[in-house]
file coords18.cif (mmCIF, C-alpha atoms)
data_protein
#
loop_
_atom_site.label_atom_id
_atom_site.label_comp_id
_atom_site.auth_asym_id
_atom_site.auth_seq_id
_atom_site.Cartn_x
_atom_site.Cartn_y
_atom_site.Cartn_z
CA MET A 1 24.42 -2.51 -40.21
CA ARG A 2 26.07 0.37 -38.33
CA GLU A 3 28.99 -0.34 -36.05
CA ILE A 4 29.54 1.38 -32.70
CA LYS A 5 32.72 0.78 -30.75
CA ALA A 6 32.43 -0.54 -27.20
CA GLY A 7 35.00 2.05 -26.18
CA ASP A 8 32.72 4.85 -27.36
CA VAL A 9 29.96 3.43 -25.16
CA THR A 10 32.32 3.39 -22.17
CA GLU A 11 33.33 7.01 -22.75
CA ALA A 12 29.72 8.12 -23.15
CA VAL A 13 28.57 6.37 -19.96
CA ALA A 14 31.48 7.80 -17.94
CA ASN A 15 30.82 11.35 -19.11
CA LEU A 16 27.07 11.07 -18.58
CA PHE A 17 27.35 9.84 -14.99
CA LYS A 18 29.78 12.60 -14.06
CA GLN A 19 27.60 15.26 -15.67
CA ALA A 20 24.43 13.88 -14.06
CA ASN A 21 26.01 13.96 -10.61
CA TYR A 22 27.30 17.52 -11.05
CA GLU A 23 24.46 19.31 -12.83
CA LEU A 24 20.69 19.43 -12.53
CA GLY A 25 18.82 19.74 -15.81
CA GLU A 26 17.26 23.04 -16.79
CA ASP A 27 13.78 21.54 -16.53
CA ILE A 28 14.40 20.60 -12.90
CA LEU A 29 15.96 23.95 -12.05
CA ASN A 30 13.02 25.77 -13.63
CA ALA A 31 10.57 23.60 -11.69
CA LEU A 32 12.40 24.35 -8.44
CA LYS A 33 12.35 28.10 -9.16
CA GLN A 34 8.62 27.91 -9.87
CA ALA A 35 8.15 25.97 -6.64
CA ARG A 36 10.02 28.71 -4.77
CA ARG A 37 7.56 31.27 -6.11
CA GLU A 38 4.55 29.16 -5.16
CA GLU A 39 5.68 27.89 -1.76
CA GLU A 40 3.85 29.65 1.09
CA SER A 41 5.86 28.23 4.00
CA PRO A 42 8.91 30.29 5.06
CA PRO A 43 10.88 27.14 6.05
CA GLY A 44 9.87 25.57 2.76
CA ARG A 45 11.11 28.58 0.78
CA GLU A 46 14.37 28.51 2.72
CA VAL A 47 14.84 24.84 1.86
CA ILE A 48 14.32 25.48 -1.85
CA ASP A 49 16.75 28.41 -1.71
CA THR A 50 19.33 26.06 -0.21
CA ILE A 51 18.67 23.41 -2.88
CA LEU A 52 19.19 25.98 -5.65
CA LYS A 53 22.36 27.29 -4.02
CA ASN A 54 23.66 23.75 -3.66
CA ALA A 55 22.98 23.09 -7.35
CA ASP A 56 24.90 26.21 -8.34
CA ILE A 57 27.91 25.22 -6.20
CA ALA A 58 27.92 21.65 -7.54
CA ARG A 59 27.83 22.85 -11.14
CA SER A 60 30.51 25.52 -10.78
CA GLU A 61 32.91 23.49 -8.63
CA ARG A 62 32.27 20.12 -10.35
CA ILE A 63 31.38 18.31 -7.16
CA PRO A 64 28.45 15.94 -6.50
CA LEU A 65 25.02 17.44 -5.95
CA CYS A 66 24.46 14.94 -3.14
CA GLN A 67 26.72 12.73 -1.04
CA ASP A 68 24.62 9.79 -2.24
CA CYS A 69 25.79 9.40 -5.83
CA GLY A 70 23.31 6.61 -6.33
CA THR A 71 22.88 3.24 -7.92
CA ALA A 72 24.05 3.43 -11.53
CA VAL A 73 20.87 2.86 -13.52
CA VAL A 74 21.23 2.81 -17.32
CA PHE A 75 18.43 2.82 -19.89
CA MET A 76 19.32 1.91 -23.47
CA GLU A 77 17.37 2.12 -26.70
CA LEU A 78 19.41 -0.11 -28.97
CA GLY A 79 18.68 0.14 -32.67
CA GLN A 80 18.19 -3.25 -34.30
CA ASP A 81 20.64 -2.24 -37.03
CA VAL A 82 23.47 -1.50 -34.58
CA HIS A 83 26.43 -3.82 -34.06
CA ILE A 84 28.71 -3.26 -31.05
CA THR A 85 32.35 -3.95 -31.91
CA GLY A 86 35.44 -4.40 -29.80
CA GLY A 87 33.80 -5.77 -26.69
CA ASP A 88 30.65 -6.73 -24.81
CA LEU A 89 28.04 -3.98 -24.52
CA TYR A 90 27.23 -4.53 -20.84
CA ASN A 91 30.92 -4.81 -19.94
CA ALA A 92 31.47 -1.51 -21.73
CA ILE A 93 28.73 0.12 -19.67
CA ASN A 94 30.12 -1.15 -16.38
CA LYS A 95 33.60 0.00 -17.38
CA GLY A 96 32.15 3.46 -17.94
CA VAL A 97 30.51 3.41 -14.51
CA ARG A 98 33.79 2.42 -12.85
CA GLN A 99 35.60 5.19 -14.71
CA ALA A 100 33.03 7.84 -13.78
CA TYR A 101 32.88 7.00 -10.10
CA ASP A 102 36.68 6.87 -9.86
CA GLU A 103 37.57 9.96 -11.91
CA GLY A 104 34.61 11.97 -10.67
CA TYR A 105 35.20 11.28 -6.95
CA LEU A 106 31.65 9.95 -6.71
CA ARG A 107 30.63 7.91 -3.69
CA LYS A 108 30.61 4.17 -4.34
CA SER A 109 27.53 2.71 -2.69
CA ILE A 110 26.94 -0.80 -4.10
CA VAL A 111 27.31 -3.92 -1.95
CA ALA A 112 27.71 -7.32 -3.58
CA ARG A 113 25.69 -9.54 -1.22
CA PRO A 114 22.62 -7.61 -0.09
CA PHE A 115 21.44 -10.05 2.59
CA SER A 116 24.73 -11.18 4.15
CA ILE A 117 28.20 -9.61 4.35
CA ARG A 118 27.27 -6.50 2.29
CA ALA A 119 30.85 -5.90 1.13
CA ASN A 120 31.21 -2.80 -1.07
CA THR A 121 32.13 -3.64 -4.67
CA GLY A 122 34.45 -0.63 -4.60
CA ASP A 123 33.52 0.81 -7.98
CA ASN A 124 29.71 1.25 -7.91
CA THR A 125 29.18 -1.66 -10.31
CA PRO A 126 27.33 -3.60 -11.47
CA ALA A 127 24.99 -1.12 -13.10
CA VAL A 128 21.26 -1.82 -13.33
CA ILE A 129 20.67 -1.95 -17.08
CA HIS A 130 17.36 -1.76 -18.95
CA THR A 131 17.53 -2.40 -22.71
CA ASP A 132 14.86 -1.88 -25.36
CA ILE A 133 15.42 -2.99 -28.94
CA VAL A 134 14.06 -0.32 -31.29
CA PRO A 135 14.09 0.33 -35.05
CA GLY A 136 17.04 2.19 -36.53
CA ASP A 137 20.84 2.35 -36.29
CA LYS A 138 21.31 4.53 -33.22
CA LEU A 139 22.07 3.80 -29.57
CA LYS A 140 20.44 6.08 -27.02
CA ILE A 141 21.94 5.91 -23.53
CA THR A 142 20.24 7.49 -20.51
CA VAL A 143 21.83 7.35 -17.08
CA LEU A 144 20.02 7.78 -13.79
CA PRO A 145 22.08 7.87 -10.57
CA LYS A 146 19.29 6.81 -8.17
CA GLY A 147 19.71 7.73 -4.51
CA GLY A 148 18.98 5.09 -1.88
CA GLY A 149 16.71 7.17 0.34
CA ALA A 150 14.20 7.80 -2.43
CA GLU A 151 14.51 4.30 -3.90
CA ASN A 152 13.73 2.77 -0.52
CA MET A 153 10.30 4.40 -0.67
CA ALA A 154 9.30 2.60 -3.89
CA ARG A 155 6.02 0.71 -3.57
CA LEU A 156 4.10 -1.91 -5.56
CA GLY A 157 0.39 -2.52 -5.11
CA MET A 158 -1.56 -5.31 -6.77
CA LEU A 159 -4.99 -3.66 -6.65
CA LEU A 160 -8.33 -5.14 -7.50
CA PRO A 161 -9.73 -4.12 -10.90
CA ALA A 162 -12.76 -2.70 -9.07
CA ASP A 163 -10.46 -0.24 -7.26
CA GLY A 164 -10.13 1.62 -10.56
CA ARG A 165 -8.89 5.18 -10.85
CA ARG A 166 -9.78 6.06 -7.28
CA GLY A 167 -7.72 3.14 -6.01
CA VAL A 168 -4.73 4.22 -8.08
CA VAL A 169 -4.89 7.79 -6.75
CA GLU A 170 -5.26 6.65 -3.15
CA PHE A 171 -2.36 4.19 -3.46
CA VAL A 172 0.04 6.76 -4.91
CA VAL A 173 -0.92 9.51 -2.47
CA GLY A 174 -0.70 7.02 0.39
CA ALA A 175 2.81 5.99 -0.67
CA VAL A 176 3.96 9.62 -0.58
CA GLU A 177 2.28 10.21 2.78
CA GLU A 178 3.95 7.11 4.21
CA ALA A 179 7.34 8.21 2.91
CA TRP A 180 6.96 11.78 4.30
CA SER A 181 10.41 13.40 4.38
CA LYS A 182 12.49 10.25 3.79
CA PRO A 183 12.83 10.62 -0.01
CA CYS A 184 13.94 14.29 0.30
CA PRO A 185 11.07 16.28 -1.23
CA PRO A 186 10.15 18.16 -3.34
CA LEU A 187 9.73 14.99 -5.36
CA ILE A 188 9.16 13.77 -8.85
CA ILE A 189 6.69 10.90 -8.59
CA GLY A 190 6.99 8.09 -11.12
CA VAL A 191 3.90 5.90 -11.50
CA GLY A 192 3.52 2.68 -13.48
CA ILE A 193 0.03 1.30 -14.06
CA GLY A 194 -0.83 -2.05 -15.62
CA GLY A 195 1.12 -4.84 -17.25
CA THR A 196 2.48 -7.23 -14.63
CA ALA A 197 4.20 -6.56 -11.33
CA GLU A 198 7.66 -6.17 -12.86
CA LYS A 199 6.34 -4.16 -15.82
CA ALA A 200 4.61 -1.66 -13.52
CA VAL A 201 7.76 -1.21 -11.43
CA ALA A 202 9.89 -0.69 -14.56
CA MET A 203 7.43 1.90 -15.94
CA ALA A 204 7.45 3.83 -12.67
CA LYS A 205 11.25 4.12 -12.85
CA HIS A 206 11.25 4.96 -16.55
CA ALA A 207 8.66 7.71 -16.00
CA LEU A 208 11.24 9.66 -13.99
CA LEU A 209 13.17 10.33 -17.21
CA ARG A 210 10.47 12.51 -18.72
CA LYS A 211 11.03 16.26 -18.81
CA VAL A 212 9.77 17.60 -15.49
CA GLY A 213 6.17 18.67 -15.64
CA GLU A 214 5.64 17.54 -19.23
CA PRO A 215 2.27 15.75 -19.17
CA ASN A 216 1.65 12.31 -20.58
CA PRO A 217 0.43 12.68 -24.18
CA ASP A 218 -2.63 10.58 -23.31
CA SER A 219 -5.19 13.06 -21.95
CA GLU A 220 -6.73 10.58 -19.51
CA ILE A 221 -3.35 9.78 -17.97
CA ALA A 222 -2.40 13.48 -17.93
CA ASP A 223 -5.59 14.23 -16.00
CA LEU A 224 -4.70 11.49 -13.52
CA GLU A 225 -1.24 13.02 -13.07
CA ARG A 226 -2.77 16.43 -12.28
CA GLU A 227 -5.16 14.96 -9.73
CA ILE A 228 -2.42 13.03 -7.93
CA LEU A 229 -0.12 16.08 -7.87
CA GLU A 230 -2.84 18.25 -6.37
CA LYS A 231 -3.64 15.71 -3.66
CA VAL A 232 0.03 15.13 -2.86
CA ASN A 233 0.65 18.86 -2.49
CA ASN A 234 -2.32 19.10 -0.15
CA LEU A 235 -0.63 16.70 2.28
CA GLY A 236 1.35 19.57 3.80
CA ILE A 237 4.66 17.68 3.87
CA GLY A 238 6.52 20.42 2.00
CA PRO A 239 10.20 20.70 1.03
CA MET A 240 12.30 18.24 3.05
CA GLY A 241 9.31 17.62 5.31
CA TYR A 242 9.35 21.09 6.91
CA GLY A 243 5.77 21.76 5.87
CA GLY A 244 4.36 23.64 2.94
CA ARG A 245 2.52 23.43 -0.36
CA ILE A 246 5.23 21.93 -2.56
CA THR A 247 5.77 18.28 -1.70
CA ALA A 248 6.13 17.27 -5.37
CA LEU A 249 7.24 19.09 -8.51
CA ALA A 250 5.53 16.68 -10.89
CA VAL A 251 3.79 13.34 -11.31
CA HIS A 252 4.79 11.28 -14.34
CA ALA A 253 2.67 8.20 -15.07
CA GLU A 254 2.95 5.45 -17.66
CA SER A 255 0.34 2.81 -18.46
CA PHE A 256 0.25 -0.61 -20.15
CA PRO A 257 -2.56 -3.09 -20.87
CA THR A 258 -3.07 -5.67 -18.12
CA HIS A 259 -4.82 -8.94 -17.32
CA ILE A 260 -8.58 -8.90 -16.67
CA THR A 261 -7.98 -9.89 -13.03
CA SER A 262 -5.21 -7.36 -12.33
CA LEU A 263 -4.49 -3.72 -11.59
CA PRO A 264 -0.78 -3.41 -10.74
CA VAL A 265 0.34 0.04 -9.57
CA ALA A 266 3.95 0.96 -8.81
CA VAL A 267 5.38 4.16 -7.34
CA ASN A 268 9.00 5.26 -7.65
CA LEU A 269 9.92 8.48 -5.88
CA GLN A 270 12.74 10.71 -7.06
CA CYS A 271 14.28 13.20 -4.66
CA HIS A 272 14.80 16.87 -5.49
CA SER A 273 18.27 15.94 -6.76
CA ALA A 274 16.67 14.49 -9.89
CA ARG A 275 19.77 13.55 -11.84
CA HIS A 276 19.75 12.04 -15.32
CA ARG A 277 21.49 12.63 -18.63
CA GLU A 278 21.21 11.12 -22.10
CA MET A 279 23.22 10.82 -25.29
CA VAL A 280 22.64 9.29 -28.73
CA LEU A 281 25.52 7.50 -30.46
#
call {"tool": "encode", "arguments": {"input": "coords18.cif", "output": "C-alpha cells"}}
result
Amino acid sequence: MREIKAGDVTEAVANLFKQANYELGEDILNALKQARREEESPPGREVIDTILKNADIARSERIPLCQDCGTAVVFMELGQDVHITGGDLYNAINKGVRQAYDEGYLRKSIVARPFSIRANTGDNTPAVIHTDIVPGDKLKITVLPKGGGAENMARLGMLLPADGRRGVVEFVVGAVEEAWSKPCPPLIIGVGIGGTAEKAVAMAKHALLRKVGEPNPDSEIADLEREILEKVNNLGIGPMGYGGRITALAVHAESFPTHITSLPVAVNLQCHSARHREMVL
C-alpha cells in the first residue's frame, strides 16, 4: 500500500488549476494554428489570430485566458493500492481549488443554491469530482475548468435504437447548429454514446480530455468522429460565429454498451479556450 499525503493532493490541484487557466496545451495551439491555415473566411482568420494572441498574452503575463475561469471539474484515477493520509481526499481537492482561485486571481463563479438565492460560494467550490478506481499505486489528477457558456449548450438525447448511426450524427450536428456562436467556437465536441443517460453525459465530458484531434482507437468510432466533424464544419458557423469553415477543431467520441431498448447520446461542447492539465502522484 502506497501512501500519498492529502497536502500533496491540495498542492497538485492548486497548481494544475492555475496552469490550466493561464496556458493552452500545445495540442490545442497546434490545432488553432492549423485552423488558421485552413480557414477561408477573413473574419474567421482574424478571430483565430486574436485567440492565438490572447493565449500568448495569458501565458506570458500569467493571467486567465478567459474571464470565465469555469466550474472546477476534477477527474481522478485512483489506484486501488493508494492510501490517502492526513486528511479526506475530496476535502484536499476542494482546498486546492480554493487556493488556486484565490492565489491565481481567478474568477469565482459557483453559486450554492442554483434555483433560489444563487449566492456565490466565494471560492469556486465545491468542485465537480469524478473518480475511477484503477489498478496500481498511483493517483492521476486531471483538472478541467469548464466555462459556463459552452457547458450550457450540453445536450442529452435518448434516441431510438432504430435511429442508429445516422441518428447519432444528426443529433450531434443539430446540437452544434442550435448552439451556433454561444459556446465560443472553434469547438472541441465531446460525444458520449451508450450506457445510460448519466453514463453518456459523463463520457461526453471525459472525451474532452483527449489530445486534440487524436482519433478514438476504435476505427468505427474514429470514422464517426470524422463524419461529424466534416458535417459540423459545413454548417458555416465559423470562429465565434462570424462565418467560415472551422466551427470545430475536433470531435472526440466515447462509447459504452447499452440496453436493447436504448440509444443515449450526449454532447458536451468545449470552447476554443480548451483548458485542462493533468499530473500523476
call {"tool": "axis_aligned_box", "arguments": {"input": "coords18.cif", "around": "region 221-230 of chain A", "padding_each_side": "4 Å", "output": "JSON"}}
result
{"center_x": -2.9, "center_y": 14.0, "center_z": -12.2, "size_x": 13.5, "size_y": 16.5, "size_z": 19.6}
call {"tool": "residues_around", "arguments": {"input": "coords18.cif", "residues": "region 200-211 of chain A", "least_positions_apart": "5", "cutoff": "7 Å", "atoms": "only C-alpha atoms", "output": "PyMOL selection string"}}
result
chain A and resi 27+156+188+190-195+252-254+264-268
call {"tool": "resolve_selection", "arguments": {"input": "coords18.cif", "expression": "the PyMOL selection byres ((chain A and resi 216) around 10)", "output": "list in words"}}
result
Ala207, Arg210, Gly213, Glu214, Pro215, Pro217, Asp218, Ser219, Glu220, Ile221, Ala222, Asp223, Leu224, Glu225, Val251, His252, Ala253, Glu254 and Ser255 of chain A
call {"tool": "residues_around", "arguments": {"input": "coords18.cif", "residues": "region 61-63 of chain A", "least_positions_apart": "6", "cutoff": "10 Å", "atoms": "only C-alpha atoms", "output": "list in words"}}
result
Lys18, Gln19, Asn21, Tyr22, Glu23, Ala55, Gly104, Tyr105 and Leu106 of chain A
call {"tool": "write_last_selection", "arguments": {"input": "coords18.cif", "atoms": "C-alpha atoms", "output": "short mmCIF file (atom, residue, chain, number, x, y, z; two decimals), in the frame of the given file"}}
result
data_model
loop_
_atom_site.label_atom_id
_atom_site.label_comp_id
_atom_site.auth_asym_id
_atom_site.auth_seq_id
_atom_site.Cartn_x
_atom_site.Cartn_y
_atom_site.Cartn_z
CA LYS A 18 29.78 12.60 -14.06
CA GLN A 19 27.60 15.26 -15.67
CA ASN A 21 26.01 13.96 -10.61
CA TYR A 22 27.30 17.52 -11.05
CA GLU A 23 24.46 19.31 -12.83
CA ALA A 55 22.98 23.09 -7.35
CA GLY A 104 34.61 11.97 -10.67
CA TYR A 105 35.20 11.28 -6.95
CA LEU A 106 31.65 9.95 -6.71
#
call {"tool": "closest_atom_pairs", "arguments": {"input": "coords18.cif", "of": "region 176-263 of chain A", "to": "region 138-149 of chain A", "cutoff": "8 Å", "atoms": "only C-alpha atoms", "output": "JSON lines"}}
result
{"residue": "A:Lys182", "atom": "CA", "partner": "A:Gly149", "partner_atom": "CA", "distance": 6.3}
{"residue": "A:Pro183", "atom": "CA", "partner": "A:Gly149", "partner_atom": "CA", "distance": 5.2}
{"residue": "A:Cys184", "atom": "CA", "partner": "A:Gly149", "partner_atom": "CA", "distance": 7.6}
call {"tool": "write_last_selection", "arguments": {"input": "coords18.cif", "atoms": "C-alpha atoms", "output": "PDB file, in the coordinates of the input"}}
result
ATOM      1  CA  LYS A 182      12.490  10.250   3.790  1.00  0.00           C
ATOM      2  CA  PRO A 183      12.830  10.620  -0.010  1.00  0.00           C
ATOM      3  CA  CYS A 184      13.940  14.290   0.300  1.00  0.00           C
TER       4      CYS A 184
END
call {"tool": "atom_distance", "arguments": {"input": "coords18.cif", "atom1": "CA of Asn234 (chain A)", "atom2": "CA of Ser273 (chain A)"}}
result
21.9 Å
call {"tool": "resolve_selection", "arguments": {"input": "coords18.cif", "expression": "the PyMOL selection byres ((chain A and resi 165-175) around 7)", "output": "ChimeraX atom specification"}}
result
/A:155,163-164,176-179,228,231-232,265,267
call {"tool": "resolve_selection", "arguments": {"input": "coords18.cif", "expression": "the PyMOL selection byres ((chain A and resi 86) around 8)", "output": "list of chain:residue names"}}
result
A:Lys5, A:Ala6, A:Gly7, A:Ile84, A:Thr85, A:Gly87, A:Asp88
call {"tool": "atom_distance", "arguments": {"input": "coords18.cif", "atom1": "CA of Gly241 (chain A)", "atom2": "CA of Gly44 (chain A)"}}
result
8.4 Å
call {"tool": "atom_distance", "arguments": {"input": "coords18.cif", "atom1": "CA of Leu78 (chain A)", "atom2": "CA of Val97 (chain A)"}}
result
18.6 Å
call {"tool": "closest_residue", "arguments": {"input": "coords18.cif", "among": "A:Val74, A:Pro161, A:Pro239, A:Ala250", "to": "Glu227 (chain A)", "atoms": "only C-alpha atoms"}}
result
A:Ala250
call {"tool": "decode", "arguments": {"input": "coords18.cif", "residues": "region 202-213 of chain A", "atoms": "N, CA and C atoms", "output": "compact mmCIF listing (two decimals), in the first residue's frame"}}
result
# COMPACT_ATOMS: atom_id res chain seq x y z
N ALA A 202 -21.45 11.66 -18.82
CA ALA A 202 -20.11 11.62 -18.25
C ALA A 202 -19.06 11.33 -19.33
N MET A 203 -19.37 10.43 -20.27
CA MET A 203 -18.41 10.13 -21.34
C MET A 203 -18.18 11.34 -22.23
N ALA A 204 -19.24 12.09 -22.52
CA ALA A 204 -19.09 13.27 -23.37
C ALA A 204 -18.15 14.29 -22.74
N LYS A 205 -18.24 14.45 -21.42
CA LYS A 205 -17.33 15.37 -20.72
C LYS A 205 -15.92 14.81 -20.70
N HIS A 206 -15.79 13.54 -20.39
CA HIS A 206 -14.47 12.91 -20.32
C HIS A 206 -13.75 12.95 -21.67
N ALA A 207 -14.51 12.85 -22.76
CA ALA A 207 -13.90 12.84 -24.10
C ALA A 207 -13.15 14.13 -24.40
N LEU A 208 -13.49 15.21 -23.71
CA LEU A 208 -12.81 16.49 -23.94
C LEU A 208 -11.36 16.46 -23.49
N LEU A 209 -10.99 15.47 -22.67
CA LEU A 209 -9.63 15.41 -22.14
C LEU A 209 -8.63 14.81 -23.12
N ARG A 210 -9.12 14.16 -24.14
CA ARG A 210 -8.23 13.54 -25.11
C ARG A 210 -7.41 14.60 -25.86
N LYS A 211 -6.21 14.22 -26.26
CA LYS A 211 -5.38 15.12 -27.06
C LYS A 211 -6.14 15.54 -28.31
N VAL A 212 -6.15 16.82 -28.60
CA VAL A 212 -6.99 17.36 -29.66
C VAL A 212 -6.66 16.72 -31.01
N GLY A 213 -7.69 16.19 -31.63
CA GLY A 213 -7.53 15.60 -32.94
C GLY A 213 -7.05 14.17 -32.95
